[in-house]
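*Asks:* Just one file: model_29.cif, with mmCIF, C-alpha atoms.
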```
data_entry
#
loop_
_atom_site.label_atom_id
_atom_site.label_comp_id
_atom_site.auth_asym_id
_atom_site.auth_seq_id
_atom_site.Cartn_x
_atom_site.Cartn_y
_atom_site.Cartn_z
CA MET A 1 30.38 42.34 6.28
CA GLY A 2 27.65 41.40 3.88
CA GLU A 3 30.16 39.87 1.45
CA VAL A 4 31.82 37.91 4.28
CA ARG A 5 28.47 36.54 5.43
CA ARG A 6 27.56 35.56 1.90
CA ARG A 7 30.86 33.69 1.49
CA LEU A 8 30.40 31.94 4.83
CA ARG A 9 26.90 30.93 3.86
CA LEU A 10 28.11 29.60 0.51
CA ALA A 11 30.91 27.69 2.26
CA ARG A 12 28.43 26.13 4.68
CA GLU A 13 26.12 25.21 1.78
CA ARG A 14 29.00 23.59 -0.11
CA ALA A 15 30.05 21.65 2.99
CA ARG A 16 26.48 20.49 3.51
CA HIS A 17 26.19 19.39 -0.14
CA ARG A 18 29.49 17.51 0.17
CA ARG A 19 28.19 15.68 3.25
CA VAL A 20 24.93 14.86 1.48
CA ARG A 21 26.81 13.55 -1.57
CA ALA A 22 29.11 11.50 0.65
CA ARG A 23 26.13 9.95 2.46
CA ARG A 24 24.47 9.17 -0.86
CA ARG A 25 27.64 7.57 -2.22
CA TRP A 26 27.92 5.44 0.91
CA ARG A 27 24.22 4.55 0.81
CA ASP A 28 24.11 3.70 -2.90
CA MET A 29 27.43 1.89 -3.33
CA SER A 30 27.29 -1.71 -4.54
CA LEU A 31 27.00 -4.53 -2.03
CA ARG A 32 30.46 -5.84 -2.98
CA THR A 33 32.11 -2.47 -2.35
CA ALA A 34 30.13 -1.96 0.86
CA PHE A 35 31.17 -5.39 2.14
CA VAL A 36 34.85 -4.63 1.43
CA TRP A 37 34.52 -1.38 3.39
CA TYR A 38 32.81 -3.16 6.28
CA VAL A 39 35.61 -5.75 6.39
CA LEU A 40 38.36 -3.11 6.23
CA ILE A 41 36.78 -1.02 8.99
CA ALA A 42 36.24 -4.15 11.10
CA ALA A 43 39.89 -5.19 10.58
CA VAL A 44 41.19 -1.75 11.60
CA LEU A 45 38.98 -1.67 14.69
CA ALA A 46 39.95 -5.25 15.57
CA THR A 47 43.65 -4.33 15.31
CA ILE A 48 43.16 -1.31 17.56
CA VAL A 49 41.16 -3.28 20.13
CA CYS A 50 43.68 -6.14 20.03
CA ALA A 51 46.62 -3.77 20.58
CA LEU A 52 44.86 -2.03 23.45
CA THR A 53 43.90 -5.35 25.04
CA ILE A 54 47.43 -6.76 24.84
CA ASN A 55 48.84 -3.51 26.23
CA LEU A 56 46.41 -3.47 29.15
CA LEU A 57 47.08 -7.12 29.99
CA ASP A 58 50.82 -6.52 29.73
CA GLU A 59 50.57 -3.56 32.08
CA TYR A 60 48.68 -5.69 34.57
CA ARG A 61 51.32 -8.44 34.41
CA LEU A 62 54.12 -5.88 34.74
CA GLY A 63 52.34 -4.44 37.76
CA ILE A 64 52.41 -7.84 39.45
CA TYR A 65 56.05 -8.34 38.46
CA PHE A 66 57.25 -4.99 39.84
CA LYS A 67 55.23 -5.48 43.02
CA TYR A 68 57.33 -8.55 43.80
CA ARG A 69 60.46 -6.89 42.40
CA GLU A 70 60.19 -4.23 45.07
CA MET A 71 60.15 -6.97 47.73
CA SER A 72 63.30 -8.63 46.35
CA GLU A 73 66.83 -8.65 47.82
CA GLN A 74 69.60 -7.35 45.57
CA VAL A 75 73.10 -8.91 45.36
CA LEU A 76 75.53 -6.79 43.36
CA ILE A 77 77.73 -8.54 40.77
CA PRO A 78 81.18 -6.91 40.72
CA ASP A 79 82.51 -5.44 37.50
CA GLY A 80 84.08 -8.19 35.49
CA GLY A 81 82.59 -10.77 37.87
CA SER A 82 80.16 -13.62 37.23
CA TYR A 83 77.49 -15.66 38.94
CA ASP A 84 76.16 -19.19 39.12
CA VAL A 85 72.70 -20.48 40.11
CA TYR A 86 71.74 -24.12 40.59
CA VAL A 87 69.38 -26.35 42.60
CA ASN A 88 70.98 -28.66 45.14
CA THR A 89 69.77 -31.96 46.54
CA ASN A 90 67.90 -30.20 49.34
CA ALA A 91 65.63 -28.52 46.81
CA GLU A 92 67.32 -25.19 47.40
CA ARG A 93 68.34 -22.61 44.88
CA VAL A 94 72.01 -21.92 45.45
CA TYR A 95 73.54 -18.73 44.06
CA ILE A 96 77.28 -17.84 43.99
CA VAL A 97 78.74 -14.49 42.95
CA TYR A 98 82.38 -14.26 41.77
CA ASN A 99 84.63 -11.27 41.34
CA SER A 100 86.87 -10.63 38.36
CA ASP A 101 89.45 -13.03 39.80
CA HIS A 102 86.83 -15.74 40.06
CA GLN A 103 86.83 -15.59 43.82
CA ILE A 104 83.56 -16.07 45.68
CA VAL A 105 82.30 -12.78 47.07
CA GLU A 106 78.72 -13.87 47.87
CA ARG A 107 77.07 -17.22 48.43
CA GLY A 108 73.56 -18.10 49.54
CA ALA A 109 70.62 -20.43 49.19
CA VAL A 110 66.82 -19.99 49.14
CA ASN A 111 64.08 -22.59 49.33
CA TYR A 112 62.90 -23.69 45.92
CA GLY A 113 59.30 -22.64 45.39
CA GLU A 114 59.47 -19.78 47.91
CA ARG A 115 61.94 -17.47 46.20
CA SER A 116 63.44 -17.15 42.77
CA VAL A 117 66.87 -15.91 41.71
CA GLU A 118 67.28 -13.93 38.50
CA VAL A 119 69.78 -11.49 37.09
CA GLY A 120 68.89 -7.94 36.05
CA LEU A 121 69.94 -4.32 36.01
CA GLY A 122 69.64 -2.46 39.26
CA ASP A 123 68.64 1.12 39.78
CA ASP A 124 72.30 2.14 39.48
CA GLY A 125 72.56 0.48 36.08
CA ARG A 126 74.80 -2.39 37.30
CA TYR A 127 74.02 -6.08 37.01
CA SER A 128 72.74 -7.72 40.17
CA LEU A 129 71.09 -10.90 41.34
CA PHE A 130 67.53 -10.32 42.54
CA ILE A 131 66.18 -12.77 45.10
CA THR A 132 62.45 -12.35 44.64
CA PRO A 133 59.55 -14.00 46.48
CA GLU A 134 57.51 -16.38 44.35
CA TYR A 135 54.04 -15.22 43.21
CA SER A 136 51.15 -15.98 45.48
CA SER A 137 48.58 -18.45 44.17
CA THR A 138 46.17 -15.61 43.33
CA ASP A 139 48.77 -13.51 41.52
CA ARG A 140 50.08 -16.60 39.72
CA PHE A 141 46.53 -17.42 38.58
CA TRP A 142 45.89 -13.93 37.22
CA ASP A 143 49.30 -13.79 35.60
CA ARG A 144 48.55 -17.01 33.73
CA VAL A 145 45.08 -15.78 32.80
CA CYS A 146 46.54 -12.59 31.38
CA SER A 147 49.16 -14.59 29.50
CA VAL A 148 46.49 -16.81 27.93
CA LEU A 149 44.33 -13.80 27.08
CA GLN A 150 47.29 -12.09 25.45
CA ALA A 151 47.83 -15.13 23.23
CA ALA A 152 44.11 -15.46 22.44
CA SER A 153 43.36 -11.75 21.97
CA LEU A 154 44.35 -11.72 18.31
CA PRO A 155 41.99 -14.48 17.07
CA ILE A 156 39.24 -13.38 19.50
CA CYS A 157 39.35 -9.74 18.34
CA TYR A 158 39.40 -10.60 14.63
CA LEU A 159 36.74 -13.30 14.93
CA GLY A 160 34.54 -10.95 16.97
CA ALA A 161 35.07 -8.17 14.45
CA LEU A 162 34.10 -10.53 11.62
CA ILE A 163 30.91 -11.58 13.42
CA ILE A 164 29.97 -7.98 14.23
CA CYS A 165 30.74 -7.00 10.61
CA ALA A 166 28.43 -9.74 9.30
CA VAL A 167 25.64 -8.81 11.74
CA LEU A 168 25.82 -5.10 10.91
CA PHE A 169 26.07 -5.77 7.18
CA TRP A 170 22.94 -7.93 7.39
CA ARG A 171 21.07 -5.45 9.54
CA TRP A 172 22.01 -2.24 7.70
CA ARG A 173 22.34 -3.43 4.09
CA LEU A 174 20.46 -6.70 3.56
CA ARG A 175 17.66 -7.20 6.09
CA ASP A 176 15.14 -4.52 5.10
CA PRO A 177 15.06 -5.18 1.32
CA ILE A 178 15.16 -8.97 1.76
CA VAL A 179 12.34 -8.92 4.32
CA ALA A 180 10.34 -6.54 2.10
CA LEU A 181 10.84 -8.79 -0.95
CA ASP A 182 9.91 -11.88 1.07
CA ARG A 183 6.69 -10.27 2.31
CA ALA A 184 5.91 -8.95 -1.17
CA SER A 185 6.36 -12.39 -2.74
CA ALA A 186 4.06 -13.90 -0.09
CA ARG A 187 1.38 -11.28 -0.79
CA ILE A 188 1.69 -11.77 -4.55
CA ALA A 189 1.33 -15.53 -4.04
CA GLU A 190 -1.96 -14.77 -2.24
CA SER A 191 -3.05 -12.51 -5.16
CA ASP A 192 -2.79 -9.43 -2.93
CA LEU A 193 -1.33 -6.69 -5.14
CA ASP A 194 -2.59 -3.68 -3.20
CA PHE A 195 0.79 -2.47 -1.93
CA LYS A 196 3.88 -0.67 -3.19
CA LEU A 197 7.59 -1.41 -2.84
CA VAL A 198 9.95 1.54 -2.34
CA SER A 199 13.72 1.06 -2.52
CA ARG A 200 15.82 3.21 -0.19
CA ARG A 201 19.12 2.47 -1.91
CA HIS A 202 20.32 2.10 -5.48
CA ASP A 203 22.54 -0.94 -4.95
CA GLU A 204 21.86 -4.43 -6.31
CA LEU A 205 19.02 -5.10 -3.85
CA GLY A 206 17.58 -1.65 -4.55
CA ARG A 207 17.51 -2.39 -8.28
CA LEU A 208 15.99 -5.80 -7.53
CA THR A 209 13.31 -4.07 -5.43
CA ASP A 210 12.58 -1.66 -8.29
CA SER A 211 12.28 -4.58 -10.71
CA PHE A 212 9.99 -6.38 -8.26
CA GLU A 213 7.84 -3.25 -7.97
CA THR A 214 7.66 -2.99 -11.76
CA MET A 215 6.56 -6.62 -11.92
CA ARG A 216 3.96 -6.04 -9.16
CA ALA A 217 2.60 -2.94 -10.91
CA SER A 218 2.38 -4.84 -14.19
CA LEU A 219 0.59 -7.74 -12.51
CA ASP A 220 -1.75 -5.31 -10.77
CA ALA A 221 -2.53 -3.52 -14.03
CA ASN A 222 -3.09 -6.82 -15.83
CA SER A 223 -5.27 -8.07 -12.98
CA ARG A 224 -7.37 -4.90 -13.00
CA GLU A 225 -7.66 -5.05 -16.76
CA MET A 226 -8.68 -8.71 -16.56
CA TRP A 227 -11.34 -7.95 -13.93
CA ALA A 228 -12.54 -4.99 -15.99
CA GLN A 229 -12.82 -7.23 -19.04
CA MET A 230 -14.63 -9.89 -17.03
CA GLU A 231 -17.03 -7.24 -15.70
CA GLU A 232 -17.51 -5.91 -19.22
CA ARG A 233 -18.20 -9.44 -20.49
CA ARG A 234 -20.64 -10.00 -17.65
CA ARG A 235 -22.52 -6.80 -18.45
CA LEU A 236 -22.38 -7.64 -22.15
CA ASN A 237 -23.78 -11.13 -21.57
CA ALA A 238 -26.50 -9.74 -19.30
CA ALA A 239 -27.48 -7.14 -21.89
CA PHE A 240 -27.37 -9.74 -24.66
CA ALA A 241 -29.56 -12.14 -22.67
CA HIS A 242 -32.01 -9.33 -21.91
CA ASP A 243 -32.34 -8.28 -25.56
CA LEU A 244 -32.68 -11.88 -26.73
CA ARG A 245 -35.63 -12.45 -24.44
CA THR A 246 -38.07 -10.29 -26.48
CA PRO A 247 -37.54 -11.84 -29.96
CA LEU A 248 -37.47 -15.34 -28.43
CA THR A 249 -40.74 -14.67 -26.65
CA VAL A 250 -42.31 -13.36 -29.86
CA LEU A 251 -41.04 -16.36 -31.83
CA LYS A 252 -42.35 -18.76 -29.21
CA GLY A 253 -45.77 -17.09 -29.24
CA HIS A 254 -46.10 -17.14 -33.03
CA ALA A 255 -44.81 -20.74 -33.22
CA ASP A 256 -47.35 -21.89 -30.59
CA MET A 257 -50.16 -20.10 -32.41
CA LEU A 258 -49.25 -21.69 -35.74
CA ALA A 259 -48.89 -25.12 -34.11
CA GLU A 260 -52.45 -24.85 -32.73
CA SER A 261 -54.11 -23.21 -35.74
CA ILE A 262 -52.67 -25.03 -38.76
CA PRO A 263 -53.92 -28.57 -37.84
CA SER A 264 -57.44 -27.28 -37.17
CA GLY A 265 -57.51 -25.05 -40.25
CA GLY A 266 -58.03 -21.97 -38.10
CA VAL A 267 -55.55 -19.88 -40.09
CA THR A 268 -55.58 -18.99 -43.77
CA PRO A 269 -52.48 -19.35 -45.97
CA GLU A 270 -52.19 -15.54 -46.10
CA GLU A 271 -52.24 -15.29 -42.29
CA ALA A 272 -49.72 -18.14 -42.02
CA ALA A 273 -47.43 -16.38 -44.50
CA PHE A 274 -47.73 -13.16 -42.49
CA GLU A 275 -46.85 -14.97 -39.26
CA ILE A 276 -43.88 -16.63 -40.91
CA GLY A 277 -42.71 -13.23 -42.17
CA VAL A 278 -42.88 -11.83 -38.64
CA MET A 279 -40.93 -14.83 -37.36
CA ARG A 280 -38.30 -14.35 -40.07
CA SER A 281 -37.85 -10.69 -39.09
CA HIS A 282 -37.22 -11.71 -35.47
CA ILE A 283 -34.88 -14.48 -36.58
CA SER A 284 -32.95 -11.87 -38.60
CA ARG A 285 -32.84 -9.70 -35.48
CA LEU A 286 -31.40 -12.62 -33.52
CA GLU A 287 -28.78 -13.17 -36.20
CA ASN A 288 -27.83 -9.48 -35.98
CA TYR A 289 -27.42 -9.82 -32.21
CA VAL A 290 -25.22 -12.89 -32.61
CA ASP A 291 -23.05 -11.12 -35.22
CA ALA A 292 -22.80 -8.09 -32.93
CA MET A 293 -21.68 -10.27 -30.03
CA GLY A 294 -19.01 -11.82 -32.24
CA ARG A 295 -17.74 -8.37 -33.24
CA LEU A 296 -17.60 -7.22 -29.62
CA GLN A 297 -15.64 -10.32 -28.60
CA ARG A 298 -13.15 -9.67 -31.39
CA LEU A 299 -12.81 -6.00 -30.40
CA GLU A 300 -11.64 -7.03 -26.90
CA ASP A 301 -8.69 -8.79 -28.55
CA THR A 302 -7.84 -5.98 -30.98
CA GLU A 303 -4.11 -5.28 -31.21
CA ILE A 304 -3.08 -1.62 -31.39
CA HIS A 305 -0.36 -0.83 -33.95
CA ARG A 306 0.82 2.77 -33.54
CA GLU A 307 2.69 4.71 -36.20
CA TRP A 308 3.90 8.28 -36.55
CA LEU A 309 1.62 10.40 -38.73
CA ASP A 310 1.54 14.01 -39.87
CA ALA A 311 -1.14 15.53 -37.63
CA LYS A 312 -2.45 18.07 -40.18
CA LYS A 313 -2.80 15.47 -42.93
CA PHE A 314 -4.59 13.06 -40.60
CA ALA A 315 -6.98 15.83 -39.45
CA SER A 316 -7.68 16.71 -43.10
CA SER A 317 -8.43 13.05 -43.92
CA LEU A 318 -10.72 12.83 -40.90
CA GLY A 319 -12.50 16.01 -41.99
CA ASP A 320 -13.10 14.55 -45.47
CA SER A 321 -14.61 11.40 -43.91
CA ALA A 322 -16.81 13.58 -41.68
CA ALA A 323 -18.10 15.49 -44.72
CA ILE A 324 -19.08 12.22 -46.39
CA ILE A 325 -20.66 10.63 -43.29
CA CYS A 326 -22.52 13.82 -42.32
CA SER A 327 -23.74 14.55 -45.85
CA GLY A 328 -26.45 17.22 -45.77
CA LYS A 329 -25.07 18.79 -42.55
CA GLN A 330 -22.55 21.59 -42.16
CA VAL A 331 -19.27 20.12 -40.89
CA ASP A 332 -16.66 22.32 -39.18
CA THR A 333 -13.16 20.97 -38.41
CA VAL A 334 -11.13 22.66 -35.65
CA THR A 335 -7.44 21.76 -35.09
CA ASN A 336 -6.32 24.29 -32.47
CA GLY A 337 -3.61 22.84 -30.19
CA LEU A 338 -2.77 19.96 -32.52
CA GLY A 339 0.91 18.96 -32.58
CA ALA A 340 3.08 18.41 -35.63
CA GLU A 341 3.06 14.59 -35.37
CA ILE A 342 0.89 12.04 -33.62
CA HIS A 343 1.67 8.44 -32.63
CA ILE A 344 -1.57 6.47 -33.05
CA ASP A 345 -3.22 3.49 -34.73
CA PRO A 346 -4.99 5.30 -37.61
CA GLU A 347 -7.47 2.48 -38.34
CA THR A 348 -8.66 2.35 -34.74
CA VAL A 349 -8.99 6.14 -34.47
CA MET A 350 -10.83 6.32 -37.81
CA GLN A 351 -13.23 3.55 -36.74
CA VAL A 352 -14.04 5.34 -33.48
CA CYS A 353 -14.51 8.68 -35.22
CA ASP A 354 -16.74 7.16 -37.93
CA ASN A 355 -19.00 5.64 -35.24
CA ILE A 356 -19.22 8.92 -33.32
CA LEU A 357 -19.89 10.92 -36.51
CA SER A 358 -22.58 8.44 -37.62
CA ASN A 359 -24.25 8.76 -34.23
CA ALA A 360 -24.03 12.58 -34.35
CA THR A 361 -25.44 12.95 -37.85
CA ARG A 362 -28.61 11.06 -36.81
CA TYR A 363 -29.47 13.68 -34.19
CA ALA A 364 -27.83 16.88 -35.55
CA LYS A 365 -30.18 19.52 -36.95
CA THR A 366 -27.83 21.44 -39.23
CA ARG A 367 -24.27 21.39 -37.85
CA VAL A 368 -21.59 18.94 -36.69
CA THR A 369 -18.29 20.19 -35.26
CA LEU A 370 -15.17 17.98 -35.32
CA SER A 371 -12.31 19.13 -33.04
CA LEU A 372 -8.80 17.66 -32.65
CA TRP A 373 -6.11 18.66 -30.14
CA CYS A 374 -3.24 17.17 -28.16
CA GLU A 375 -3.01 16.86 -24.38
CA GLU A 376 0.65 15.99 -23.65
CA THR A 377 0.73 12.29 -24.68
CA VAL A 378 -2.95 12.05 -25.61
CA LEU A 379 -4.80 12.79 -28.85
CA ALA A 380 -8.34 14.08 -28.21
CA VAL A 381 -11.08 13.99 -30.86
CA SER A 382 -14.41 15.64 -30.06
CA VAL A 383 -17.65 15.55 -32.08
CA ALA A 384 -20.42 17.98 -31.16
CA ASP A 385 -23.84 18.44 -32.76
CA ASP A 386 -26.71 20.89 -32.41
CA GLY A 387 -29.29 18.22 -31.71
CA PRO A 388 -31.37 17.63 -28.57
CA GLY A 389 -28.39 16.26 -26.61
CA PHE A 390 -28.27 13.24 -24.31
CA SER A 391 -30.94 12.58 -21.72
CA PRO A 392 -29.81 12.22 -18.08
CA GLU A 393 -30.17 8.44 -18.41
CA ALA A 394 -28.22 8.33 -21.66
CA LEU A 395 -25.33 10.34 -20.14
CA SER A 396 -24.63 7.46 -17.76
CA LYS A 397 -25.65 4.52 -19.96
CA ALA A 398 -25.00 5.53 -23.58
CA ALA A 399 -21.72 3.57 -23.71
CA ASN A 400 -23.30 0.40 -22.27
CA PRO A 401 -23.73 -2.50 -24.73
CA PHE A 402 -27.16 -2.72 -26.39
CA TYR A 403 -28.35 0.53 -24.78
CA LYS A 404 -31.01 2.22 -26.87
CA GLY A 405 -32.66 5.51 -26.04
CA ARG A 406 -36.32 6.17 -26.51
CA GLU A 407 -35.71 7.85 -29.85
CA SER A 408 -33.67 4.89 -31.26
CA GLY A 409 -35.19 2.86 -34.06
CA ALA A 410 -36.10 -0.82 -33.85
CA ASN A 411 -33.12 -1.83 -35.99
CA HIS A 412 -30.66 0.10 -33.83
CA LEU A 413 -28.64 -2.36 -31.71
CA GLY A 414 -27.15 0.23 -29.36
CA LEU A 415 -23.52 -0.81 -29.87
CA GLY A 416 -21.93 2.21 -31.57
CA LEU A 417 -20.72 4.07 -28.48
CA ASN A 418 -19.91 0.82 -26.69
CA ILE A 419 -17.60 -0.13 -29.56
CA CYS A 420 -15.98 3.32 -29.34
CA ASP A 421 -15.47 2.91 -25.58
CA ILE A 422 -13.81 -0.49 -26.04
CA LEU A 423 -11.48 0.75 -28.79
CA CYS A 424 -10.53 3.88 -26.82
CA ARG A 425 -9.59 1.77 -23.79
CA ARG A 426 -7.60 -0.61 -26.02
CA HIS A 427 -5.74 2.50 -27.25
CA ASP A 428 -4.92 3.53 -23.64
CA GLY A 429 -7.56 6.24 -23.75
CA SER A 430 -11.15 6.91 -22.73
CA LEU A 431 -14.57 7.99 -24.02
CA GLU A 432 -16.37 10.97 -22.51
CA ILE A 433 -20.07 11.66 -23.14
CA THR A 434 -21.44 15.13 -22.26
CA ASN A 435 -23.88 17.81 -23.38
CA SER A 436 -22.29 20.95 -24.79
CA GLY A 437 -25.19 23.31 -24.18
CA MET A 438 -26.12 23.39 -27.86
CA GLY A 439 -26.43 19.62 -28.19
CA ALA A 440 -24.46 16.42 -27.56
CA ARG A 441 -20.68 16.12 -27.35
CA VAL A 442 -18.64 12.91 -27.47
CA THR A 443 -14.90 13.14 -26.82
CA ALA A 444 -12.57 10.22 -27.57
CA ARG A 445 -9.02 10.21 -26.20
CA PHE A 446 -6.21 8.01 -27.53
CA GLY A 447 -2.89 7.42 -25.76
CA MET A 448 0.14 8.22 -27.89
#
```
Would you mind writing the file out in structure tokens?
*Replies:*
Amino acid sequence: MGEVRRRLRLARERARHRRVRARRRWRDMSLRTAFVWYVLIAAVLATIVCALTINLLDEYRLGIYFKYREMSEQVLIPDGGSYDVYVNTNAERVYIVYNSDHQIVERGAVNYGERSVEVGLGDDGRYSLFITPEYSSTDRFWDRVCSVLQAASLPICYLGALIICAVLFWRWRLRDPIVALDRASARIAESDLDFKLVSRRHDELGRLTDSFETMRASLDANSREMWAQMEERRRLNAAFAHDLRTPLTVLKGHADMLAESIPSGGVTPEEAAFEIGVMRSHISRLENYVDAMGRLQRLEDTEIHREWLDAKKFASSLGDSAAIICSGKQVDTVTNGLGAEIHIDPETVMQVCDNILSNATRYAKTRVTLSLWCEETVLAVSVADDGPGFSPEALSKAANPFYKGRESGANHLGLGLNICDILCRRHDGSLEITNSGMGARVTARFGM
């Protein structure tokens, strides 16, 4: 019993899978094939309906005919005999029946328009003349209507089937994707990209919907990236304007003091030289800010050129650079979880790592740890030090342009981690700033 039940269950599962596959084939067939099937099915149904209609109308007409046939008078035609029917001058139908010797055996006349005379087989299988009453006006009307409908049923059925086929094909195959694409194009024209297109079929319109969704997603990603860049530029300009205010204020103050003191002789040449030196230092600071702004603008347009590299060799090269940058500190390189090959832009990754290592070596006491590993399609590089770590404010602002902590020197522009953040995002990655418990940790991720 158990084996029989198992086989029945398997048979039901196979039947269900066949039905599912059949529905999928019907759903995903091309529009051309689907339209041919719709037309064929419509033609078959139209033929069936047309045949049924003609048969029903013919039965109705035959019913009228036999109703009057039952009321008819029958005149038997002898074997070998003949008959003659004509209309005389009195508007009467005259009928004459002859025997085999051409002698008249029956003669009669009926009013034209009241009765008709026709020959046919009787119930006994012998030829007879049937004198039948003419159709009433009502029966004549319906007989003619049925006759006209029989003649018109063929074009009516096929034309109706064609119209129904077109309506159903539009409603079941075309309407939903076309309406969805029309609405999507209207929303895209209004710069509204916060939606998603889902295709229910894999025919031509389904593939067009998928292509439209790919285009929408690309536009949405580009739009978000553009807004992110604009926001980044806005923050950068705000930070730049804020940091320019101090040296400009100092320059203005020293320039005003010199303008007032030199004409009156209230300042000695040594004091004037000192003031000029201070002004030069602030001018140099302004020049550094301008150069930094230029570098940041160029970084936003950096092109990423990936290439396949041996992961172990790249990690070894990065470790050598770390030893040079962090001279005087113990440098440990960890490569657990690193794949055999990596697909990255080596110059960009090296630039980010050099900036992070330079930042770490300023605050590390004795040790810097460089770690590399792979996360599916991402290369992660982490630099940890045993310094004081980031302050709560620095954890949220360290990657902002021109951010400088309290311990930063006067010549520090506060752009190192911001440059790393920009390059990581250009490389489809991210920059993460945390405290490791023993000090600071900066993790850069690069999309492969």
*Asks:* Under the PyMOL selection byres ((chain A and resi 365) around 7), which residues of this model are included? Write them out as a PyMOL selection string.
*Replies:* chain A and resi 363-364+366-367+386-387
*Asks:* Which polymer residues have any atom within 6 Å of an atom of range 42-51 of chain A, counting only C-alpha atoms, with same-chain residues fewer than 6 positions away left out, as a PyMOL selection string?
*Replies:* chain A and resi 153-154+157-158+161
*Asks:* CA of Ile422 in chain A and CA of Glu341 in chain A, how far apart in Å?
*Replies:*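 So the two atoms, CA of Glu341 in chain A and CA of Ile422 in chain A, lie 24.5 Å apart.
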*Asks:* Up to 10 Å from (-3.3, 8.9, -27.4) in the file's coordinates: name the residues, counting all atoms listed in the file, as an mmCIF file with C-alpha atoms, in the frame of the given file.
*Replies:*
```cif
data_model
loop_
_atom_site.group_PDB
_atom_site.id
_atom_site.type_symbol
_atom_site.label_atom_id
_atom_site.label_comp_id
_atom_site.auth_asym_id
_atom_site.auth_seq_id
_atom_site.Cartn_x
_atom_site.Cartn_y
_atom_site.Cartn_z
ATOM 1 C CA ARG A 306 0.820 2.770 -33.540
ATOM 2 C CA ILE A 342 0.890 12.040 -33.620
ATOM 3 C CA HIS A 343 1.670 8.440 -32.630
ATOM 4 C CA ILE A 344 -1.570 6.470 -33.050
ATOM 5 C CA ASP A 345 -3.220 3.490 -34.730
ATOM 6 C CA VAL A 349 -8.990 6.140 -34.470
ATOM 7 C CA CYS A 374 -3.240 17.170 -28.160
ATOM 8 C CA GLU A 375 -3.010 16.860 -24.380
ATOM 9 C CA GLU A 376 0.650 15.990 -23.650
ATOM 10 C CA THR A 377 0.730 12.290 -24.680
ATOM 11 C CA VAL A 378 -2.950 12.050 -25.610
ATOM 12 C CA LEU A 379 -4.800 12.790 -28.850
ATOM 13 C CA ALA A 380 -8.340 14.080 -28.210
ATOM 14 C CA VAL A 381 -11.080 13.990 -30.860
ATOM 15 C CA CYS A 424 -10.530 3.880 -26.820
ATOM 16 C CA HIS A 427 -5.740 2.500 -27.250
ATOM 17 C CA ASP A 428 -4.920 3.530 -23.640
ATOM 18 C CA GLY A 429 -7.560 6.240 -23.750
ATOM 19 C CA SER A 430 -11.150 6.910 -22.730
ATOM 20 C CA ALA A 444 -12.570 10.220 -27.570
ATOM 21 C CA ARG A 445 -9.020 10.210 -26.200
ATOM 22 C CA PHE A 446 -6.210 8.010 -27.530
ATOM 23 C CA GLY A 447 -2.890 7.420 -25.760
ATOM 24 C CA MET A 448 0.140 8.220 -27.890
#
```
*Asks:* Identify which of the residues A:Ala184, A:Leu415, A:Ile276, A:Ala189 lies closest to Phe212 in chain A, counting all atoms listed in the file when measuring atom-to-atom distances.
*Replies:*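 Result for the nearest residue to Phe212 in chain A: A:Ala184.
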*Asks:* I'd like the neighbourhood of Ala360 in chain A as a list in words, where a residue qualifies if any of its atoms comes within 8 Å (using all atoms listed in the file), though same-chain residues fewer than 3 positions away should be ignored.
*Replies:*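 Listing them by chain and then by number gives Ile356, Leu357, Tyr363, Ala364, Val368, Val383, Ala384, Asp385 and Ala440 of chain A.
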*Asks:* Please reconstruct the missing atoms of range 388-396 of chain A (target: N, CA and C atoms) and return them as a short mmCIF file (atom, residue, chain, number, x, y, z; two decimals), keeping the file's coordinate frame.
*Replies:*
```cif
data_model
loop_
_atom_site.label_atom_id
_atom_site.label_comp_id
_atom_site.auth_asym_id
_atom_site.auth_seq_id
_atom_site.Cartn_x
_atom_site.Cartn_y
_atom_site.Cartn_z
N PRO A 388 -30.73 17.51 -29.89
CA PRO A 388 -31.37 17.63 -28.57
C PRO A 388 -30.44 17.28 -27.41
N GLY A 389 -29.32 16.64 -27.68
CA GLY A 389 -28.39 16.26 -26.61
C GLY A 389 -28.81 14.95 -25.95
N PHE A 390 -28.01 14.50 -25.01
CA PHE A 390 -28.27 13.24 -24.31
C PHE A 390 -29.23 13.49 -23.14
N SER A 391 -30.09 12.54 -22.91
CA SER A 391 -30.94 12.58 -21.72
C SER A 391 -30.11 12.24 -20.50
N PRO A 392 -30.58 12.58 -19.28
CA PRO A 392 -29.81 12.22 -18.08
C PRO A 392 -29.51 10.72 -18.00
N GLU A 393 -30.43 9.88 -18.43
CA GLU A 393 -30.17 8.44 -18.41
C GLU A 393 -29.11 8.06 -19.42
N ALA A 394 -29.18 8.67 -20.61
CA ALA A 394 -28.22 8.33 -21.66
C ALA A 394 -26.81 8.79 -21.29
N LEU A 395 -26.66 9.88 -20.53
CA LEU A 395 -25.33 10.34 -20.14
C LEU A 395 -24.57 9.30 -19.34
N SER A 396 -25.29 8.48 -18.58
CA SER A 396 -24.63 7.46 -17.76
C SER A 396 -24.63 6.09 -18.41
#
```
